[in-house]
file coords-v2.txt (compact mmCIF, C-alpha atoms and all ligand atoms)
# COMPACT_ATOMS: atom_id res chain seq x y z
CA MET G 19 -73.85 91.90 54.68
CA ASN G 20 -70.41 93.04 55.74
CA ILE G 21 -70.51 94.19 59.35
CA VAL G 22 -69.14 97.66 58.45
CA ASN G 23 -72.15 98.20 56.19
CA LEU G 24 -74.66 97.60 58.97
CA PRO G 25 -76.67 100.71 59.78
CA PRO G 26 -75.58 102.43 62.99
CA ARG G 27 -77.72 101.76 66.06
CA PRO G 28 -77.48 105.07 67.92
CA HIS G 29 -80.07 103.99 70.50
CA PHE G 30 -78.43 100.68 71.32
CA PRO G 31 -77.84 99.35 73.92
CA PRO G 32 -80.60 101.29 75.65
CA PRO G 33 -80.05 102.80 79.09
CA VAL G 34 -81.47 100.35 81.64
CA HIS G 35 -83.34 102.97 83.66
CA VAL G 36 -84.69 106.28 82.35
CA GLY G 37 -86.32 108.83 84.67
CA ILE G 38 -88.53 111.64 83.43
CA ILE G 39 -89.73 114.79 85.17
CA MET G 40 -92.87 115.34 83.12
CA ASP G 41 -93.15 119.11 83.29
CA GLY G 42 -94.97 121.77 81.25
CA ASN G 43 -98.60 120.61 81.11
CA GLY G 44 -99.89 123.92 82.46
CA ARG G 45 -97.89 126.05 80.03
CA TRP G 46 -98.94 123.83 77.13
CA ALA G 47 -102.61 124.51 77.94
CA THR G 48 -102.18 128.21 78.76
CA ALA G 49 -100.41 128.79 75.45
CA ARG G 50 -103.57 127.52 73.73
CA GLY G 51 -106.00 129.47 75.90
CA LEU G 52 -107.16 126.21 77.50
CA PRO G 53 -107.62 125.25 81.16
CA ARG G 54 -104.58 123.64 82.79
CA ALA G 55 -106.59 120.44 83.22
CA VAL G 56 -106.54 119.96 79.43
CA GLY G 57 -102.75 120.07 79.56
CA HIS G 58 -102.75 117.36 82.22
CA LYS G 59 -105.06 115.23 80.06
CA GLN G 60 -102.73 115.58 77.08
CA GLY G 61 -99.87 114.79 79.44
CA ALA G 62 -101.50 111.44 80.21
CA GLU G 63 -101.50 110.68 76.45
CA ALA G 64 -97.79 111.44 76.38
CA VAL G 65 -97.31 108.89 79.19
CA ARG G 66 -98.86 106.17 77.01
CA ARG G 67 -96.67 107.19 74.02
CA THR G 68 -93.57 107.18 76.18
CA MET G 69 -94.30 103.72 77.60
CA GLU G 70 -94.70 102.40 74.04
CA ALA G 71 -91.41 104.01 73.00
CA ALA G 72 -89.63 102.62 76.07
CA LEU G 73 -90.88 99.11 75.27
CA HIS G 74 -89.77 99.49 71.66
CA LEU G 75 -86.31 100.71 72.66
CA GLY G 76 -85.80 97.96 75.25
CA ILE G 77 -85.61 100.20 78.31
CA ARG G 78 -86.18 98.09 81.47
CA TYR G 79 -87.20 100.75 84.00
CA LEU G 80 -89.06 103.98 83.31
CA SER G 81 -89.61 106.30 86.29
CA LEU G 82 -92.13 109.07 85.81
CA PHE G 83 -92.59 111.99 88.19
CA ALA G 84 -96.35 112.53 88.19
CA PHE G 85 -97.06 114.44 91.41
CA SER G 86 -94.60 115.74 93.99
CA SER G 87 -95.03 116.14 97.76
CA GLU G 88 -94.81 119.86 97.03
CA ASN G 89 -97.60 119.71 94.42
CA TRP G 90 -100.06 119.42 97.34
CA LYS G 91 -99.55 123.21 97.60
CA ARG G 92 -101.46 123.72 94.33
CA PRO G 93 -105.06 125.01 94.28
CA ALA G 94 -107.58 122.39 95.45
CA ALA G 95 -109.37 122.44 92.07
CA GLU G 96 -106.20 121.48 90.19
CA ILE G 97 -105.44 118.69 92.67
CA ILE G 98 -109.00 117.35 92.21
CA ASP G 99 -108.50 117.38 88.41
CA LEU G 100 -105.17 115.57 88.69
CA MET G 101 -106.54 112.94 91.08
CA GLY G 102 -109.53 112.42 88.76
CA LEU G 103 -107.20 111.81 85.84
CA LEU G 104 -105.19 109.42 87.96
CA ARG G 105 -108.30 107.39 88.84
CA LEU G 106 -109.19 107.20 85.14
CA TYR G 107 -105.66 106.21 84.23
CA LEU G 108 -105.43 103.47 86.85
CA ARG G 109 -108.84 102.04 85.87
CA ASN G 110 -108.21 102.04 82.12
CA GLU G 111 -104.53 101.38 81.74
CA VAL G 112 -104.04 98.09 83.59
CA ARG G 113 -105.32 96.05 80.67
CA TYR G 114 -102.80 97.72 78.31
CA LEU G 115 -100.02 97.17 80.86
CA CYS G 116 -100.84 93.46 81.15
CA GLU G 117 -101.13 92.97 77.39
CA ASN G 118 -97.67 94.47 76.95
CA GLY G 119 -95.78 92.86 79.82
CA ILE G 120 -95.47 96.08 81.80
CA ARG G 121 -95.22 96.04 85.57
CA LEU G 122 -96.54 99.08 87.41
CA ARG G 123 -95.10 100.34 90.67
CA VAL G 124 -96.07 103.48 92.52
CA ILE G 125 -93.70 105.23 94.92
CA GLY G 126 -94.49 108.07 97.31
CA ASP G 127 -96.47 108.88 100.45
CA ARG G 128 -99.72 106.94 100.10
CA ALA G 129 -101.05 108.24 103.42
CA ARG G 130 -101.93 111.52 101.71
CA LEU G 131 -103.84 109.88 98.83
CA ALA G 132 -107.59 109.12 98.90
CA PRO G 133 -108.35 105.53 100.03
CA ASP G 134 -110.00 104.61 96.71
CA ILE G 135 -106.86 105.71 94.84
CA VAL G 136 -104.69 103.65 97.17
CA ALA G 137 -106.95 100.66 96.49
CA LEU G 138 -106.63 101.20 92.71
CA ILE G 139 -102.85 101.44 93.02
CA GLU G 140 -102.65 98.24 95.07
CA ASP G 141 -104.89 96.45 92.58
CA SER G 142 -102.83 97.64 89.56
CA GLU G 143 -99.58 96.64 91.24
CA ARG G 144 -100.95 93.21 92.12
CA ARG G 145 -102.33 92.56 88.65
CA THR G 146 -99.09 93.58 86.90
CA ALA G 147 -96.66 92.06 89.41
CA GLY G 148 -95.75 89.14 87.14
CA ASN G 149 -94.86 91.31 84.12
CA ASP G 150 -91.20 91.74 83.37
CA LYS G 151 -90.58 93.44 80.02
CA LEU G 152 -90.67 96.95 81.41
CA THR G 153 -91.24 98.30 84.91
CA VAL G 154 -92.97 101.67 85.01
CA ILE G 155 -92.46 103.46 88.32
CA ILE G 156 -94.89 106.31 88.92
CA ALA G 157 -93.79 108.80 91.59
CA LEU G 158 -96.91 110.11 93.23
CA SER G 159 -97.06 112.32 96.29
CA TYR G 160 -93.33 111.69 96.15
CA GLY G 161 -90.44 113.71 97.56
CA GLY G 162 -86.81 112.63 97.56
CA ARG G 163 -85.96 114.21 100.90
CA ALA G 164 -89.01 112.67 102.57
CA GLU G 165 -87.99 109.28 101.17
CA ILE G 166 -84.49 109.59 102.68
CA VAL G 167 -85.89 110.77 106.03
CA GLU G 168 -88.20 107.75 106.12
CA ALA G 169 -85.27 105.41 105.37
CA ALA G 170 -83.25 107.08 108.15
CA ARG G 171 -86.17 106.71 110.57
CA ARG G 172 -86.51 103.00 109.83
CA LEU G 173 -82.77 102.46 110.28
CA ALA G 174 -82.92 104.38 113.57
CA GLU G 175 -85.78 102.17 114.78
CA LYS G 176 -83.78 99.06 113.94
CA ALA G 177 -80.74 100.47 115.74
CA ALA G 178 -82.81 101.41 118.81
CA THR G 179 -84.20 97.88 119.07
CA GLY G 180 -80.80 96.26 118.51
CA ARG G 181 -81.62 94.80 115.07
CA ILE G 182 -78.81 96.70 113.39
CA ASP G 183 -75.42 97.95 114.56
CA PRO G 184 -75.17 101.72 113.85
CA ASN G 185 -71.54 101.21 112.83
CA GLU G 186 -72.70 98.94 110.04
CA ILE G 187 -75.00 101.49 108.42
CA ASP G 188 -73.60 102.29 105.00
CA GLU G 189 -74.79 103.50 101.56
CA ASP G 190 -76.12 100.06 100.68
CA SER G 191 -78.18 99.69 103.84
CA LEU G 192 -79.69 103.14 103.41
CA ALA G 193 -80.49 102.43 99.75
CA GLU G 194 -82.20 99.20 100.81
CA HIS G 195 -84.68 101.25 102.84
CA LEU G 196 -85.70 103.49 99.93
CA TYR G 197 -88.78 102.78 97.76
CA THR G 198 -86.38 101.84 94.97
CA ALA G 199 -84.47 99.20 96.98
CA ASP G 200 -84.40 96.64 94.18
CA VAL G 201 -84.23 99.06 91.23
CA PRO G 202 -80.94 100.12 89.58
CA ASP G 203 -80.22 103.87 89.74
CA PRO G 204 -81.39 105.87 86.70
CA ASP G 205 -78.83 106.10 83.88
CA LEU G 206 -80.58 108.99 82.20
CA LEU G 207 -82.86 111.72 83.55
CA ILE G 208 -84.94 113.83 81.21
CA ARG G 209 -86.82 116.95 82.30
CA THR G 210 -89.14 118.62 79.84
CA SER G 211 -90.36 122.25 79.73
CA GLY G 212 -86.97 123.96 79.89
CA GLU G 213 -86.73 124.08 83.71
CA LYS G 214 -83.28 123.06 84.90
CA ARG G 215 -83.81 121.61 88.35
CA ILE G 216 -84.60 118.29 90.05
CA SER G 217 -87.56 119.52 92.14
CA ASN G 218 -86.91 116.82 94.78
CA PHE G 219 -87.12 113.82 92.39
CA LEU G 220 -85.05 110.72 93.32
CA ILE G 221 -82.32 112.89 94.80
CA TRP G 222 -80.39 109.96 96.28
CA GLN G 223 -80.69 107.74 93.20
CA LEU G 224 -79.62 110.45 90.70
CA ALA G 225 -76.11 110.82 92.16
CA TYR G 226 -74.40 109.70 88.91
CA THR G 227 -77.24 109.98 86.42
CA GLU G 228 -76.80 111.84 83.12
CA PHE G 229 -79.18 114.82 82.99
CA MET G 230 -80.97 116.15 79.94
CA PHE G 231 -83.12 119.25 79.97
CA LEU G 232 -85.39 119.56 76.96
CA ASP G 233 -87.42 122.62 75.96
CA VAL G 234 -90.35 120.53 74.70
CA LEU G 235 -93.44 120.72 76.92
CA TRP G 236 -94.52 117.34 78.30
CA PRO G 237 -97.77 116.97 76.26
CA ASP G 238 -95.67 117.31 73.07
CA PHE G 239 -93.02 114.78 74.13
CA SER G 240 -92.58 112.16 71.41
CA ARG G 241 -90.68 109.00 70.64
CA SER G 242 -88.16 111.00 68.62
CA ASP G 243 -87.43 113.20 71.67
CA LEU G 244 -86.69 110.06 73.68
CA GLU G 245 -84.54 108.63 70.90
CA ALA G 246 -82.60 111.89 70.57
CA ALA G 247 -81.97 111.92 74.33
CA ILE G 248 -80.68 108.35 74.19
CA SER G 249 -78.37 109.18 71.27
CA GLU G 250 -76.97 112.08 73.30
CA PHE G 251 -76.64 109.75 76.31
CA HIS G 252 -74.41 107.47 74.22
CA ARG G 253 -72.14 110.38 73.35
CA ARG G 254 -71.48 111.10 77.03
CA GLU G 255 -68.66 109.54 78.99
CA ARG G 256 -69.63 108.39 82.48
CA ARG G 257 -66.60 108.55 84.71
CA TYR G 258 -67.99 108.05 88.26
CA GLY G 259 -65.12 110.10 89.65
CA ALA G 260 -62.40 108.04 87.97
CA ILE G 261 -60.19 109.05 85.05
CA GLY G 262 -61.69 108.83 81.58
CA VAL G 263 -60.56 106.38 78.92
C1 LIG D 301 -96.34 118.94 85.23
O1 LIG D 301 -96.87 120.05 84.60
C2 LIG D 301 -97.40 118.10 85.90
C3 LIG D 301 -97.44 118.23 87.37
C4 LIG D 301 -96.58 118.84 88.11
C5 LIG D 301 -98.55 117.59 88.03
P1 LIG D 301 -97.13 121.39 85.39
O2 LIG D 301 -98.53 121.37 85.91
O3 LIG D 301 -96.08 121.65 86.40
O4 LIG D 301 -97.02 122.45 84.20
P2 LIG D 301 -96.32 123.87 84.24
O5 LIG D 301 -94.94 123.70 84.80
O6 LIG D 301 -97.17 124.73 85.13
O7 LIG D 301 -96.32 124.33 82.83
C1 LIG D 302 -92.03 118.74 89.22
O1 LIG D 302 -92.67 119.73 88.49
C2 LIG D 302 -92.99 117.68 89.61
C3 LIG D 302 -93.61 116.96 88.51
C4 LIG D 302 -93.31 117.05 87.24
C5 LIG D 302 -94.61 116.03 88.90
P1 LIG D 302 -93.15 121.09 89.18
O2 LIG D 302 -93.77 121.89 88.11
O3 LIG D 302 -93.95 120.80 90.38
O4 LIG D 302 -91.75 121.71 89.65
P2 LIG D 302 -91.34 123.19 90.04
O5 LIG D 302 -92.36 123.69 91.02
O6 LIG D 302 -91.36 124.00 88.79
O7 LIG D 302 -89.96 123.07 90.61
MG MG D 303 -94.30 122.60 86.37

call {"tool": "encode", "arguments": {"input": "coords-v2.txt", "output": "structure tokens", "more": "lines below"}}
Ligand code: IPE
Ligand code: IPE
Ligand code: MG
result
Amino acid sequence: MNIVNLPPRPHFPPPVHVGIIMDGNGRWATARGLPRAVGHKQGAEAVRRTMEAALHLGIRYLSLFAFSSENWKRPAAEIIDLMGLLRLYLRNEVRYLCENGIRLRVIGDRARLAPDIVALIEDSERRTAGNDKLTVIIALSYGGRAEIVEAARRLAEKAATGRIDPNEIDEDSLAEHLYTADVPDPDLLIRTSGEKRISNFLIWQLAYTEFMFLDVLWPDFSRSDLEAAISEFHRRERRYGAIGV
């Protein structure tokens, strides 16, 4: 076949790292007269679909915002539902992750999570550590400002004990103290549900990320939504402060 006759590949090459703020579970359920917990359950199904789509498209890192530091302000009953779903997810999903070469990493403040959940996280991370097709990063009890504060505190400790010269602290050394030290910054960020804000997700790492705000509610998010976002991503010109071509 002549090269000009080849079908276009609007999703290729894929962005290396896609972040998603998975929002709208509650509204999805309320619109159907269902409890919010049902929306969260459907949201978990959308996570599985999205991982499959990411694998298919060749995305290397998929970061999913599952529970923010601020979500601890929600009613206790909703938090219990969410943590229950998380337990279920961690117990049942590891086999799928291993079968498909997916590595799982969880970022956020583990001190606030129940000990059995922390144990499940550690177990899932250990069992998937050798997988390298796709890394799924779940942000749980995660806040971007808290992450930066923690990095600053660790740098300050090193400076106070003479292990680092304060004059040598730069963007790279701060980034090395974030949860995402060895992960490239997101190329594309998608937020579902029509809200147009970051809500404290990866605020350092998103400095030059392309943002897409979709009206679809997270439980309805599909492979075609992801593909459409990637096509739009390819139409954008990333200039990083320089002059365009
Ligand atoms: C996102 O859906 C999931 C979490 C934040 C845990 P929401 O629960 O925020 O759903 P809405 O925004 O109320 O519709
Ligand atoms: C952001 O959604 C956090 C997650 C999707 C996990 P929220 O629903 O908590 O965000 P706000 O409160 O509308 O900013
Ligand atoms: Mg929300």

call {"tool": "residues_around", "arguments": {"input": "coords-v2.txt", "residues": "stretch 108-115 of chain G", "least_positions_apart": "6", "cutoff": "9 Å", "atoms": "only C-alpha atoms", "output": "list in words"}}
result
Arg66, Arg121, Leu122, Ile135, Leu138, Ile139, Ser142, Glu143, Arg145, Thr146 and Asn149 of chain G

call {"tool": "residues_near_ligand", "arguments": {"input": "coords-v2.txt", "ligand": "ligand MG 303 (chain D)", "cutoff": "8 Å", "atoms": "all atoms listed in the file", "output": "ChimeraX atom specification"}}
result
/G:41-44,211

call {"tool": "closest_residue", "arguments": {"input": "coords-v2.txt", "among": "G:Met230, G:Ala132, G:Val34, G:Ile39", "to": "ligand LIG 302 (chain D)", "atoms": "all atoms listed in the file"}}
result
G:Ile39

call {"tool": "residues_near_ligand", "arguments": {"input": "coords-v2.txt", "ligand": "ligand LIG 302 (chain D)", "cutoff": "7 Å", "atoms": "only C-alpha atoms and all ligand atoms", "output": "mmCIF file with C-alpha atoms, in the coordinates of the input"}}
result
data_model
loop_
_atom_site.group_PDB
_atom_site.id
_atom_site.type_symbol
_atom_site.label_atom_id
_atom_site.label_comp_id
_atom_site.auth_asym_id
_atom_site.auth_seq_id
_atom_site.Cartn_x
_atom_site.Cartn_y
_atom_site.Cartn_z
ATOM 1 C CA ILE G 39 -89.730 114.790 85.170
ATOM 2 C CA MET G 40 -92.870 115.340 83.120
ATOM 3 C CA ASP G 41 -93.150 119.110 83.290
ATOM 4 C CA GLY G 42 -94.970 121.770 81.250
ATOM 5 C CA PHE G 83 -92.590 111.990 88.190
ATOM 6 C CA ALA G 84 -96.350 112.530 88.190
ATOM 7 C CA PHE G 85 -97.060 114.440 91.410
ATOM 8 C CA SER G 86 -94.600 115.740 93.990
ATOM 9 C CA GLU G 88 -94.810 119.860 97.030
ATOM 10 C CA ASN G 89 -97.600 119.710 94.420
ATOM 11 C CA GLU G 213 -86.730 124.080 83.710
ATOM 12 C CA ARG G 215 -83.810 121.610 88.350
ATOM 13 C CA SER G 217 -87.560 119.520 92.140
#

call {"tool": "residues_around", "arguments": {"input": "coords-v2.txt", "residues": "G:Asp203", "least_positions_apart": "2", "cutoff": "12 Å", "atoms": "all atoms listed in the file", "output": "ChimeraX atom specification"}}
result
/G:33-37,78-81,193,196-201,205-207,220-228

call {"tool": "closest_residue", "arguments": {"input": "coords-v2.txt", "among": "G:Leu232, G:Leu106, G:Ala47, G:Ala260", "to": "ligand LIG 301 (chain D)", "atoms": "all atoms listed in the file"}}
result
G:Ala47

call {"tool": "axis_aligned_box", "arguments": {"input": "coords-v2.txt", "around": "ligand LIG 301 (chain D)", "padding_each_side": "6 Å", "output": "AutoDock Vina command-line options"}}
result
--center_x -96.7 --center_y 121.2 --center_z 85.5 --size_x 15.6 --size_y 19.1 --size_z 17.3

call {"tool": "residues_around", "arguments": {"input": "coords-v2.txt", "residues": "stretch 182-186 of chain G", "least_positions_apart": "4", "cutoff": "8 Å", "atoms": "only C-alpha atoms", "output": "list in words"}}
result
Leu173, Lys176 and Ala177 of chain G

call {"tool": "atom_distance", "arguments": {"input": "coords-v2.txt", "atom1": "atom CA of G:Trp46", "atom2": "atom CA of G:Ile216"}}
result
20.1 Å

call {"tool": "atom_distance", "arguments": {"input": "coords-v2.txt", "atom1": "atom CA of G:Trp236", "atom2": "atom CA of G:Gly148"}}
result
29.6 Å

call {"tool": "closest_residue", "arguments": {"input": "coords-v2.txt", "among": "G:Thr48, G:Ser159, G:Ser191, G:Ser240", "to": "G:Ser87", "atoms": "only C-alpha atoms"}}
result
G:Ser159

call {"tool": "residues_around", "arguments": {"input": "coords-v2.txt", "residues": "G:Asp99", "least_positions_apart": "4", "cutoff": "9 Å", "atoms": "only C-alpha atoms", "output": "number ranges by chain"}}
result
G: 55, 58, 94-95, 103-104

call {"tool": "closest_residue", "arguments": {"input": "coords-v2.txt", "among": "G:His29, G:Asp188, G:Thr210, G:Met101", "to": "G:Asp238", "atoms": "only C-alpha atoms"}}
result
G:Thr210

call {"tool": "decode", "arguments": {"input": "coords-v2.txt", "residues": "stretch 19-102 of chain G", "atoms": "C-alpha atoms", "output": "short mmCIF file (atom, residue, chain, number, x, y, z; two decimals), in the first residue's frame"}}
result
data_model
loop_
_atom_site.label_atom_id
_atom_site.label_comp_id
_atom_site.auth_asym_id
_atom_site.auth_seq_id
_atom_site.Cartn_x
_atom_site.Cartn_y
_atom_site.Cartn_z
CA MET G 19 0.00 0.00 0.00
CA ASN G 20 1.22 3.47 -0.83
CA ILE G 21 2.05 5.33 2.36
CA VAL G 22 -0.37 8.19 1.52
CA ASN G 23 -3.22 5.68 1.45
CA LEU G 24 -2.58 4.47 4.99
CA PRO G 25 -5.43 5.31 7.34
CA PRO G 26 -4.68 8.23 9.66
CA ARG G 27 -3.68 7.33 13.21
CA PRO G 28 -5.15 10.21 15.20
CA HIS G 29 -4.28 8.57 18.53
CA PHE G 30 -0.65 7.88 17.67
CA PRO G 31 1.86 8.31 19.21
CA PRO G 32 -0.01 8.19 22.50
CA PRO G 33 0.77 10.67 25.27
CA VAL G 34 3.18 8.97 27.67
CA HIS G 35 1.34 10.00 30.83
CA VAL G 36 -2.38 10.72 31.13
CA GLY G 37 -3.92 11.96 34.39
CA ILE G 38 -7.63 11.80 35.13
CA ILE G 39 -9.70 13.54 37.79
CA MET G 40 -12.52 11.02 37.97
CA ASP G 41 -15.40 13.27 38.96
CA GLY G 42 -19.20 13.03 38.81
CA ASN G 43 -20.04 9.70 40.48
CA GLY G 44 -22.46 11.35 42.92
CA ARG G 45 -24.31 13.30 40.23
CA TRP G 46 -24.52 10.20 38.05
CA ALA G 47 -26.32 8.34 40.86
CA THR G 48 -28.50 11.25 41.98
CA ALA G 49 -29.72 11.77 38.41
CA ARG G 50 -31.03 8.18 38.53
CA GLY G 51 -32.55 8.45 42.00
CA LEU G 52 -29.86 6.09 43.34
CA PRO G 53 -27.60 6.37 46.39
CA ARG G 54 -24.22 8.01 45.73
CA ALA G 55 -22.52 4.72 46.60
CA VAL G 56 -23.97 3.19 43.40
CA GLY G 57 -22.27 5.95 41.43
CA HIS G 58 -18.96 5.10 43.08
CA LYS G 59 -19.45 1.43 42.21
CA GLN G 60 -20.09 2.30 38.57
CA GLY G 61 -17.06 4.57 38.76
CA ALA G 62 -14.92 1.56 39.67
CA GLU G 63 -16.16 -0.17 36.47
CA ALA G 64 -15.07 2.88 34.50
CA VAL G 65 -11.59 2.53 36.04
CA ARG G 66 -11.31 -1.01 34.62
CA ARG G 67 -12.52 0.18 31.17
CA THR G 68 -10.06 3.06 31.20
CA MET G 69 -7.11 0.82 32.12
CA GLU G 70 -8.03 -1.48 29.21
CA ALA G 71 -8.23 1.50 26.84
CA ALA G 72 -4.91 2.87 28.09
CA LEU G 73 -3.23 -0.49 27.48
CA HIS G 74 -4.75 -0.67 24.01
CA LEU G 75 -3.61 2.85 23.13
CA GLY G 76 -0.07 2.31 24.44
CA ILE G 77 -0.19 4.88 27.23
CA ARG G 78 2.65 4.19 29.72
CA TYR G 79 1.42 6.00 32.83
CA LEU G 80 -2.18 6.52 33.90
CA SER G 81 -2.74 8.60 37.06
CA LEU G 82 -6.19 8.44 38.58
CA PHE G 83 -7.44 10.77 41.30
CA ALA G 84 -9.55 8.49 43.49
CA PHE G 85 -9.76 10.27 46.85
CA SER G 86 -8.37 13.66 47.82
CA SER G 87 -7.05 14.87 51.20
CA GLU G 88 -10.10 17.14 51.17
CA ASN G 89 -12.51 14.24 50.57
CA TRP G 90 -12.00 13.30 54.25
CA LYS G 91 -14.48 16.15 54.88
CA ARG G 92 -17.31 14.06 53.38
CA PRO G 93 -19.93 12.35 55.57
CA ALA G 94 -18.56 9.31 57.43
CA ALA G 95 -21.03 6.97 55.69
CA GLU G 96 -19.78 7.96 52.23
CA ILE G 97 -16.14 7.53 53.31
CA ILE G 98 -16.98 4.05 54.65
CA ASP G 99 -18.61 3.16 51.30
CA LEU G 100 -15.60 4.43 49.35
CA MET G 101 -13.10 2.59 51.55
CA GLY G 102 -15.18 -0.60 51.24
#
